[in-house]
$ cat data34.txt   # compact mmCIF, C-alpha atoms and all ligand atoms
# COMPACT_ATOMS: atom_id res chain seq x y z
CA MET A 786 -1.15 14.61 -16.81
CA ARG A 787 2.35 14.70 -15.32
CA ILE A 788 3.24 12.42 -12.41
CA ALA A 789 6.28 12.78 -10.16
CA VAL A 790 7.90 9.66 -8.71
CA PHE A 791 9.80 10.31 -5.49
CA GLY A 792 12.47 7.68 -4.76
CA ALA A 793 12.39 6.87 -8.48
CA GLY A 794 15.88 5.35 -8.37
CA GLY A 795 14.89 2.58 -5.94
CA TYR A 796 13.59 -0.91 -6.73
CA THR A 797 9.88 -0.03 -6.51
CA GLY A 798 10.49 3.36 -8.10
CA LYS A 799 11.88 1.68 -11.21
CA LEU A 800 8.85 -0.63 -11.50
CA VAL A 801 6.58 2.42 -11.17
CA LEU A 802 8.56 4.19 -13.91
CA ALA A 803 8.14 1.18 -16.21
CA GLU A 804 4.37 1.20 -15.57
CA LEU A 805 4.11 4.95 -16.26
CA ASN A 806 6.11 4.43 -19.44
CA ARG A 807 3.84 1.54 -20.52
CA ARG A 808 0.86 3.88 -20.06
CA ASP A 809 2.61 6.76 -21.80
CA ILE A 810 2.21 9.11 -18.83
CA ASP A 811 4.50 12.14 -18.64
CA THR A 812 6.89 11.38 -15.77
CA VAL A 813 9.18 13.41 -13.52
CA LEU A 814 11.85 11.52 -11.54
CA VAL A 815 12.72 12.97 -8.14
CA GLY A 816 15.33 11.73 -5.65
CA ARG A 817 18.62 12.54 -4.03
CA SER A 818 20.99 11.12 -6.66
CA THR A 819 20.84 12.47 -10.22
CA GLU A 820 23.04 9.60 -11.33
CA ARG A 821 20.69 6.90 -9.98
CA LEU A 822 17.64 8.73 -11.35
CA THR A 823 19.15 9.04 -14.82
CA GLU A 824 20.09 5.37 -14.83
CA ALA A 825 16.57 4.44 -13.68
CA ALA A 826 15.05 6.59 -16.44
CA SER A 827 17.06 4.88 -19.10
CA ARG A 828 16.36 1.38 -17.67
CA ALA A 829 12.64 2.16 -17.78
CA GLY A 830 13.02 3.27 -21.40
CA LEU A 831 12.08 6.85 -20.50
CA GLY A 832 15.14 8.42 -22.17
CA THR A 833 17.08 11.14 -20.37
CA VAL A 834 15.21 14.38 -20.96
CA PRO A 835 17.00 16.61 -18.41
CA ALA A 836 13.80 18.38 -17.33
CA SER A 837 12.30 15.08 -16.18
CA VAL A 838 15.08 14.34 -13.65
CA ARG A 839 15.04 16.54 -10.53
CA GLN A 840 17.37 16.19 -7.58
CA ALA A 841 15.82 16.66 -4.14
CA ALA A 842 16.05 14.87 -0.79
CA ALA A 843 13.00 14.55 1.42
CA GLU A 844 14.65 16.85 3.93
CA ASP A 845 15.03 19.79 1.42
CA HIS A 846 11.50 21.17 1.66
CA THR A 847 11.91 24.14 -0.69
CA VAL A 848 13.78 22.14 -3.33
CA LEU A 849 11.24 19.33 -3.09
CA VAL A 850 8.25 21.65 -3.48
CA HIS A 851 9.97 23.15 -6.52
CA ALA A 852 10.56 19.66 -7.97
CA PHE A 853 6.83 18.83 -7.65
CA ARG A 854 5.60 22.26 -8.77
CA ASP A 855 4.21 21.46 -12.24
CA CYS A 856 3.07 17.87 -11.52
CA SER A 857 -0.52 16.76 -10.98
CA ALA A 858 0.35 13.94 -8.56
CA VAL A 859 3.25 12.42 -6.63
CA ILE A 860 3.89 8.70 -6.18
CA ASN A 861 6.19 8.32 -3.17
CA CYS A 862 8.28 5.11 -3.27
CA ALA A 863 10.89 6.22 -0.71
CA GLY A 864 10.74 4.02 2.37
CA PRO A 865 11.12 3.75 5.30
CA PHE A 866 8.12 6.06 5.31
CA VAL A 867 8.23 6.62 9.08
CA LEU A 868 11.49 8.47 8.46
CA SER A 869 10.73 10.66 5.43
CA GLY A 870 7.10 10.09 4.37
CA GLY A 871 5.71 13.07 6.31
CA ALA A 872 8.16 15.48 4.65
CA VAL A 873 7.11 14.28 1.19
CA VAL A 874 3.40 14.64 1.98
CA ARG A 875 4.08 18.18 3.27
CA ALA A 876 5.91 19.08 0.05
CA ALA A 877 3.15 17.60 -2.15
CA LEU A 878 0.55 19.70 -0.30
CA ALA A 879 2.66 22.85 -0.68
CA ALA A 880 3.03 22.16 -4.41
CA GLY A 881 -0.72 21.43 -4.80
CA CYS A 882 -0.13 17.84 -5.98
CA HIS A 883 -2.25 14.80 -5.15
CA TYR A 884 -0.25 12.16 -3.28
CA VAL A 885 -0.13 8.34 -3.07
CA ASP A 886 2.59 6.06 -1.70
CA THR A 887 3.68 2.42 -1.59
CA SER A 888 3.93 2.27 2.19
CA GLY A 889 2.73 -0.68 4.21
CA GLU A 890 3.84 0.92 7.50
CA GLN A 891 0.89 1.26 9.91
CA ARG A 892 2.59 4.03 11.86
CA HIS A 893 3.16 6.15 8.73
CA LEU A 894 -0.45 5.69 7.63
CA ASP A 895 -1.77 6.55 11.08
CA ARG A 896 0.38 9.70 11.30
CA THR A 897 -0.59 10.77 7.78
CA PHE A 898 -4.30 10.68 8.64
CA THR A 899 -3.72 12.49 11.94
CA ALA A 900 -1.23 15.13 10.84
CA PHE A 901 -2.32 15.92 7.29
CA GLY A 902 -6.13 15.50 7.14
CA GLY A 903 -6.85 19.20 7.80
CA PRO A 904 -3.90 20.60 5.80
CA ALA A 905 -4.80 18.43 2.77
CA GLU A 906 -8.43 19.64 2.87
CA LYS A 907 -7.22 23.22 3.10
CA ALA A 908 -4.82 22.70 0.17
CA GLY A 909 -7.57 21.08 -1.93
CA VAL A 910 -5.37 18.02 -2.39
CA THR A 911 -6.12 14.29 -2.02
CA VAL A 912 -3.67 12.08 -0.13
CA VAL A 913 -4.06 8.28 -0.23
CA PRO A 914 -1.29 6.48 1.68
CA GLY A 915 -0.77 2.72 1.37
CA THR A 916 -1.53 2.15 -2.32
CA ASN A 917 0.46 -1.08 -2.54
CA ASP A 918 -0.24 -4.76 -3.21
CA ASP A 919 -1.68 -5.38 0.24
CA GLY A 920 -3.07 -2.09 1.61
CA LEU A 921 -5.32 -1.11 -1.29
CA PRO A 922 -6.83 -4.52 -2.26
CA SER A 923 -7.61 -5.40 1.37
CA ASP A 924 -9.21 -2.00 2.03
CA LEU A 925 -11.42 -2.20 -1.09
CA LEU A 926 -12.38 -5.82 -0.42
CA ALA A 927 -13.18 -5.09 3.24
CA HIS A 928 -15.56 -2.34 2.16
CA LEU A 929 -17.50 -4.69 -0.13
CA VAL A 930 -17.57 -7.51 2.43
CA ALA A 931 -18.76 -5.20 5.22
CA GLU A 932 -21.58 -3.84 3.02
CA ARG A 933 -23.05 -7.36 2.96
CA VAL A 934 -23.63 -7.53 6.69
CA GLY A 935 -24.49 -3.92 7.62
CA PRO A 936 -23.08 -2.76 10.98
CA VAL A 937 -20.12 -5.06 11.65
CA ARG A 938 -19.44 -6.72 14.98
CA GLU A 939 -16.08 -8.12 13.92
CA LEU A 940 -13.97 -7.82 10.76
CA VAL A 941 -10.86 -9.94 10.29
CA ILE A 942 -8.36 -9.23 7.51
CA GLY A 943 -5.87 -12.02 6.81
CA LEU A 944 -2.72 -12.11 4.66
CA ASP A 945 -0.67 -15.00 3.33
CA VAL A 946 2.15 -15.03 0.79
CA ASP A 947 3.85 -17.87 -1.01
CA SER A 948 6.91 -16.02 -2.20
CA GLY A 949 8.90 -19.04 -3.46
CA ASP A 950 12.43 -17.82 -4.14
CA ALA A 951 11.35 -14.13 -4.43
CA MET A 952 12.93 -12.52 -1.37
CA PRO A 953 11.45 -9.16 -0.28
CA SER A 954 13.32 -6.14 -1.68
CA ARG A 955 16.10 -4.59 0.39
CA GLY A 956 13.96 -1.49 0.85
CA THR A 957 11.08 -3.58 2.19
CA ILE A 958 13.40 -5.21 4.72
CA ARG A 959 14.79 -1.78 5.69
CA SER A 960 11.25 -0.52 6.26
CA GLY A 961 10.41 -3.69 8.23
CA LEU A 962 13.40 -3.14 10.52
CA GLU A 963 12.48 0.50 11.10
CA ASN A 964 9.05 -0.75 12.28
CA ILE A 965 10.21 -3.97 13.92
CA ASP A 966 8.26 -3.28 17.13
CA THR A 967 5.00 -3.41 15.14
CA PHE A 968 5.94 -6.85 13.80
CA THR A 969 6.90 -8.23 17.22
CA THR A 970 3.71 -6.87 18.87
CA GLY A 971 1.34 -7.20 15.88
CA GLY A 972 0.75 -3.44 15.71
CA LEU A 973 -2.63 -1.76 15.91
CA GLY A 974 -6.05 -3.29 16.36
CA TYR A 975 -9.32 -1.34 16.29
CA GLU A 976 -12.02 -1.69 18.93
CA GLU A 977 -14.96 0.42 20.12
CA GLY A 978 -14.10 3.58 18.19
CA ARG A 979 -10.34 3.75 18.49
CA TRP A 980 -7.04 2.07 17.69
CA HIS A 981 -5.11 0.18 20.38
CA THR A 982 -1.62 -1.32 20.46
CA ASP A 983 -2.40 -3.78 23.21
CA ILE A 984 -5.32 -5.90 22.05
CA ALA A 985 -4.65 -9.50 21.11
CA ALA A 986 -5.96 -11.10 17.90
CA ARG A 987 -8.91 -13.43 18.41
CA SER A 988 -8.41 -15.36 15.16
CA THR A 989 -6.03 -18.28 15.42
CA ALA A 990 -6.59 -19.99 12.04
CA LEU A 991 -7.87 -18.98 8.58
CA THR A 992 -8.37 -20.68 5.22
CA PHE A 993 -6.71 -18.89 2.30
CA PRO A 994 -7.55 -19.29 -1.41
CA GLY A 995 -6.03 -22.46 -2.82
CA GLY A 996 -5.30 -23.80 0.68
CA ALA A 997 -6.42 -27.26 1.84
CA GLY A 998 -7.84 -25.95 5.12
CA PRO A 999 -7.26 -23.54 7.99
CA ILE A 1000 -3.66 -22.60 8.81
CA PRO A 1001 -2.38 -20.92 12.00
CA VAL A 1002 -2.40 -17.11 11.91
CA ALA A 1003 -1.11 -14.43 14.32
CA LYS A 1004 -1.64 -10.70 14.79
CA PHE A 1005 0.07 -8.64 12.07
CA PRO A 1006 0.34 -4.86 11.42
CA LEU A 1007 -1.70 -4.71 8.21
CA PRO A 1008 -2.23 -1.21 6.75
CA ALA A 1009 -5.95 -1.92 6.26
CA VAL A 1010 -6.45 -1.96 10.06
CA VAL A 1011 -5.70 1.79 9.92
CA THR A 1012 -7.80 2.57 6.82
CA VAL A 1013 -10.89 0.33 7.04
CA PRO A 1014 -12.49 1.86 10.19
CA ARG A 1015 -12.54 5.20 8.32
CA HIS A 1016 -15.28 3.91 6.02
CA VAL A 1017 -16.71 0.79 7.66
CA LYS A 1018 -18.82 1.00 10.80
CA ALA A 1019 -17.27 -1.83 12.79
CA ARG A 1020 -17.01 -2.57 16.47
CA ARG A 1021 -13.74 -4.43 15.97
CA VAL A 1022 -11.16 -4.77 13.15
CA GLU A 1023 -8.10 -6.99 13.38
CA GLY A 1024 -5.24 -7.91 11.03
CA VAL A 1025 -3.58 -11.31 11.03
CA ALA A 1026 -1.17 -13.22 8.78
CA ASN A 1027 0.16 -16.72 8.30
CA ALA A 1028 1.97 -17.41 11.61
CA ARG A 1029 5.11 -18.50 9.73
CA LEU A 1030 5.29 -15.15 7.92
CA VAL A 1031 4.72 -13.28 11.20
CA ALA A 1032 7.58 -15.16 12.88
CA ALA A 1033 9.92 -14.56 9.90
CA LEU A 1034 9.29 -10.81 9.88
CA ALA A 1035 9.49 -10.45 13.65
CA GLY A 1036 12.90 -12.15 13.46
CA LEU A 1037 14.40 -9.75 10.87
CA THR A 1038 17.92 -8.49 11.62
CA PRO A 1039 20.01 -5.82 9.86
CA ALA A 1040 22.32 -8.55 8.50
CA VAL A 1041 19.53 -9.65 6.11
CA ILE A 1042 19.69 -6.35 4.19
CA ASN A 1043 23.10 -7.10 2.73
CA ALA A 1044 22.29 -10.74 2.13
CA VAL A 1045 19.54 -10.06 -0.43
CA PRO A 1046 19.64 -8.40 -3.86
CA GLU A 1047 18.02 -4.97 -4.43
CA GLY A 1048 14.82 -6.83 -5.27
CA PRO A 1049 13.66 -10.13 -6.75
CA PRO A 1050 14.19 -10.75 -10.47
CA ALA A 1051 11.09 -10.66 -12.71
CA ASP A 1052 10.78 -14.43 -13.18
CA SER A 1053 10.81 -15.09 -9.39
CA ARG A 1054 8.31 -12.28 -8.81
CA ARG A 1055 5.84 -13.75 -11.24
CA LYS A 1056 5.88 -17.14 -9.49
CA ALA A 1057 5.20 -15.58 -6.06
CA ARG A 1058 1.56 -15.50 -4.82
CA TRP A 1059 -0.26 -13.22 -2.37
CA MET A 1060 -3.65 -13.93 -0.82
CA ILE A 1061 -5.96 -11.82 1.33
CA THR A 1062 -9.17 -12.90 3.06
CA VAL A 1063 -11.73 -10.71 4.77
CA GLU A 1064 -14.34 -12.20 7.13
CA ALA A 1065 -17.14 -10.03 8.51
CA LEU A 1066 -19.59 -10.92 11.25
CA GLY A 1067 -22.57 -8.57 11.37
CA GLU A 1068 -24.23 -7.27 14.53
CA ASP A 1069 -27.25 -9.35 13.44
CA GLY A 1070 -25.17 -12.56 13.25
CA SER A 1071 -24.91 -12.59 9.44
CA HIS A 1072 -21.58 -13.53 7.85
CA ALA A 1073 -19.75 -12.52 4.65
CA ARG A 1074 -16.37 -13.46 3.25
CA GLY A 1075 -14.18 -12.01 0.51
CA VAL A 1076 -10.96 -13.25 -1.03
CA ILE A 1077 -8.48 -11.63 -3.37
CA HIS A 1078 -5.27 -13.12 -4.72
CA GLY A 1079 -2.67 -12.61 -7.38
CA THR A 1080 1.00 -12.98 -8.27
CA ASP A 1081 3.99 -10.61 -8.37
CA MET A 1082 3.68 -8.43 -5.25
CA GLN A 1083 6.13 -5.82 -6.51
CA GLY A 1084 4.70 -5.57 -10.05
CA THR A 1085 1.18 -5.36 -8.60
CA THR A 1086 2.31 -2.56 -6.29
CA ALA A 1087 3.55 -0.55 -9.28
CA LEU A 1088 0.29 -1.19 -11.17
CA ILE A 1089 -1.78 -0.11 -8.13
CA ALA A 1090 0.28 2.99 -7.30
CA VAL A 1091 0.10 4.30 -10.88
CA GLU A 1092 -3.61 3.57 -11.26
CA SER A 1093 -4.29 5.22 -7.87
CA ALA A 1094 -2.48 8.42 -8.86
CA HIS A 1095 -4.04 8.39 -12.33
CA ARG A 1096 -7.57 8.10 -10.89
CA LEU A 1097 -7.01 11.00 -8.49
CA VAL A 1098 -6.01 13.24 -11.38
CA ALA A 1099 -8.44 11.94 -14.03
CA ASP A 1100 -11.54 11.35 -11.89
CA GLY A 1101 -10.92 13.55 -8.82
CA ALA A 1102 -11.75 12.74 -5.19
CA ALA A 1103 -12.55 14.72 -2.07
CA ALA A 1104 -9.72 16.79 -0.63
CA GLY A 1105 -8.14 15.35 2.52
CA VAL A 1106 -6.39 12.16 3.57
CA LEU A 1107 -8.53 9.27 2.37
CA ALA A 1108 -8.63 5.49 2.62
CA PRO A 1109 -8.64 3.76 -0.79
CA SER A 1110 -12.39 3.02 -0.49
CA GLN A 1111 -13.08 6.72 0.12
CA ALA A 1112 -11.04 7.83 -2.90
CA TYR A 1113 -12.11 5.17 -5.42
CA VAL A 1114 -15.18 3.07 -6.26
CA PRO A 1115 -14.14 -0.27 -4.67
CA ALA A 1116 -15.68 -2.75 -7.16
CA ASP A 1117 -14.57 -0.65 -10.12
CA PHE A 1118 -10.92 -0.57 -8.97
CA LEU A 1119 -11.02 -4.33 -8.26
CA ARG A 1120 -12.43 -4.98 -11.74
CA PHE A 1121 -9.49 -2.97 -13.13
CA LEU A 1122 -7.08 -5.25 -11.21
CA GLY A 1123 -9.00 -8.25 -12.56
CA ARG A 1124 -7.82 -7.31 -16.05
CA TYR A 1125 -4.24 -7.93 -14.81
CA GLY A 1126 -4.83 -11.39 -13.38
CA VAL A 1127 -5.94 -10.45 -9.84
CA GLN A 1128 -8.89 -12.66 -8.83
CA TRP A 1129 -11.42 -11.66 -6.20
CA SER A 1130 -14.85 -12.60 -4.92
CA VAL A 1131 -17.32 -11.61 -2.22
CA ASP A 1132 -19.87 -14.06 -0.79
CA GLY A 1133 -22.48 -13.52 1.85
CA PRO A 1134 -26.06 -12.32 2.10
CA GLY A 1135 -27.03 -11.27 -1.47
CA THR A 1136 -25.55 -12.23 -4.84
CA ALA A 1137 -21.91 -13.34 -5.05
CA VAL A 1138 -19.69 -10.92 -7.02
CA GLY A 1139 -16.13 -11.10 -8.24
CA GLY A 1140 -13.72 -10.73 -11.08
N1 LIG A 1201 8.75 -3.63 -3.55
C1 LIG A 1201 7.42 -3.53 -3.53
O1 LIG A 1201 6.71 -3.84 -4.43
C2 LIG A 1201 6.76 -2.96 -2.37
C3 LIG A 1201 5.52 -3.41 -2.03
C4 LIG A 1201 4.91 -2.83 -0.98
C5 LIG A 1201 5.58 -1.80 -0.32
N2 LIG A 1201 6.82 -1.41 -0.68
C6 LIG A 1201 7.53 -0.36 0.06
O2 LIG A 1201 8.12 0.60 -0.83
C7 LIG A 1201 9.27 1.16 -0.19
C8 LIG A 1201 10.42 1.16 -1.14
O3 LIG A 1201 10.91 -0.14 -1.34
P1 LIG A 1201 12.11 -0.38 -2.35
O4 LIG A 1201 12.37 -1.82 -2.37
O5 LIG A 1201 11.84 0.30 -3.61
O6 LIG A 1201 13.33 0.39 -1.60
P2 LIG A 1201 14.67 0.93 -2.21
O7 LIG A 1201 15.09 0.15 -3.41
O8 LIG A 1201 15.63 1.03 -1.06
O9 LIG A 1201 14.32 2.40 -2.70
C9 LIG A 1201 14.04 3.43 -1.82
C10 LIG A 1201 14.26 4.74 -2.55
O10 LIG A 1201 13.92 5.80 -1.66
C11 LIG A 1201 14.92 6.78 -1.70
N3 LIG A 1201 14.97 7.50 -0.42
C12 LIG A 1201 14.87 7.00 0.83
N4 LIG A 1201 14.95 7.98 1.73
C13 LIG A 1201 15.08 9.13 1.03
C14 LIG A 1201 15.22 10.50 1.40
N5 LIG A 1201 15.23 10.88 2.69
N6 LIG A 1201 15.35 11.41 0.42
C15 LIG A 1201 15.35 11.04 -0.88
N7 LIG A 1201 15.23 9.77 -1.28
C16 LIG A 1201 15.10 8.83 -0.33
C17 LIG A 1201 16.19 6.02 -1.97
O11 LIG A 1201 17.12 6.93 -2.52
P3 LIG A 1201 18.67 6.59 -2.70
O12 LIG A 1201 18.74 5.80 -3.95
O13 LIG A 1201 19.27 7.95 -2.82
O14 LIG A 1201 19.10 5.86 -1.47
C18 LIG A 1201 15.71 4.98 -2.97
O15 LIG A 1201 15.72 5.50 -4.26
C19 LIG A 1201 9.51 0.34 1.08
O16 LIG A 1201 8.98 1.04 2.18
C20 LIG A 1201 8.70 -0.92 0.83
O17 LIG A 1201 8.30 -1.54 2.02
C21 LIG A 1201 7.43 -1.97 -1.69

$ encode --input "data34.txt" --output "structure tokens" --more "lines below"
Ligand SMILES: NC(=O)c1ccc[n+]([C@@H]2O[C@H](COP(=O)([O-])OP(=O)(O)OC[C@H]3O[C@@H](n4cnc5c(N)ncnc54)[C@H](OP(=O)(O)O)[C@@H]3O)[C@@H](O)[C@H]2O)c1
Amino acid sequence: MRIAVFGAGGYTGKLVLAELNRRDIDTVLVGRSTERLTEAASRAGLGTVPASVRQAAAEDHTVLVHAFRDCSAVINCAGPFVLSGGAVVRAALAAGCHYVDTSGEQRHLDRTFTAFGGPAEKAGVTVVPGTNDDGLPSDLLAHLVAERVGPVRELVIGLDVDSGDAMPSRGTIRSGLENIDTFTTGGLGYEEGRWHTDIAARSTALTFPGGAGPIPVAKFPLPAVVTVPRHVKARRVEGVANARLVAALAGLTPAVINAVPEGPPADSRRKARWMITVEALGEDGSHARGVIHGTDMQGTTALIAVESAHRLVADGAAAGVLAPSQAYVPADFLRFLGRYGVQWSVDGPGTAVGG
């Protein structure tokens, strides 16, 4: 199996390289600066085999297709995805490579499903956008929680982070700024068969794992709001986050980019915590709840992106653009994450499960 990493010279790209190296997976580095790619390869302990470093910008379609040509899958780490993500998906399809990315941008996910569903099916390729620390775990958990209640009247996905001194990476802030309108408005909600930009969140407070009680939450553009309705029959799906986090992201300014390092150092990352809750209310009035939490958002993203690409190549999935729960067996993937310290549980009608 050979996996291409696009944007391999960036902060997330380097963590993905380290994870591929740890798993001994043949890796091709692709990006627009040979110098940065070569440095990233050596920092990840990959050595500098010339054939594994390929220069291509997202905008150079022919060069990019050529760079992906002999790879089984592409992991795209080059944000902001609203700017260049579509071009990389198009090149992966043309090269016949499966595709995953680390995007959390609702608009990129939405466009990927709309623009590339048919072309991916035709190319016999699987595309799974949003395989990061928040998009994939919340999508898988939501699937398991929804199963407990049958047809869902209302599904609420909540996010909280306790990042300590681990500031988001520069690239994450850049992507946030490119999508700032989704943070100020809360982005998409799903109701009665379609996505809307103008529906308010109903939830005002949620209890997160380890918390003493409910804390204020506000509408937030979670990637799972785009993916979950593709596999869960729900009348309404909304995404919310800790109101303090929502206010901080909505207040981002370009000045912050230069005030933070490329990304948090490893020791800060490992002290940071992320928590996701999913609450489902069934049409019959039944209720189920799931939680999932872990540390190290950026390291977990690398673990998830590599495992997502690996599963597409090793196990296969239907051709097309898929939500994580359509491409993978939800409980099985969550059990895999459990081996790396991610804890999760689902409670509701039936037997409690978790890992
Ligand atoms: N950090 C995480 O764990 C995490 C978690 C969830 C989601 N994400 C998302 O992952 C993305 C990357 O974050 P990051 O911190 O790794 O950013 P980063 O350090 O700025 O890296 C971005 C990489 O993408 C490359 N790139 C961007 N546009 C390109 C284009 N048009 N053609 C070729 N290469 C291009 C950049 O190349 P140059 O070096 O040539 O500029 C750089 O190597 C962001 O959208 C972020 O929100 C990250």

$ residues_near_ligand --input "data34.txt" --ligand "ligand LIG 1201 (chain A)" --cutoff "7 Å" --atoms "only C-alpha atoms and all ligand atoms" --output "PyMOL selection string"
chain A and resi 791-798+816-818+821+841-844+862-866+869+887-889+917-918+953-958+960-961+1047-1048+1082-1084+1086-1087

$ residues_near_point --input "data34.txt" --point "(-9.7, 8.3, 8.9)" --cutoff "9 Å" --atoms "all atoms listed in the file" --output "list in words"
Asp895, Phe898, Thr899, Gly902, Val1011, Thr1012, Val1013, Pro1014, Arg1015, His1016, Val1106, Leu1107 and Ala1108 of chain A

$ atom_distance --input "data34.txt" --atom1 "atom CA of His1078 of chain A" --atom2 "atom CA of Met1060 of chain A"
4.3 Å

$ closest_residue --input "data34.txt" --among "A:Val1138, A:Ala1104, A:Val850, A:Leu1066" --to "Asp1117 of chain A" --atoms "all atoms listed in the file"
A:Val1138

$ closest_residue --input "data34.txt" --among "A:Leu1122, A:His1095, A:Gly915, A:Ala1051" --to "Val859 of chain A" --atoms "only C-alpha atoms"
A:His1095

$ closest_residue --input "data34.txt" --among "A:Arg787, A:Val1025, A:Gly935, A:Thr823" --to "Arg808 of chain A" --atoms "only C-alpha atoms"
A:Arg787
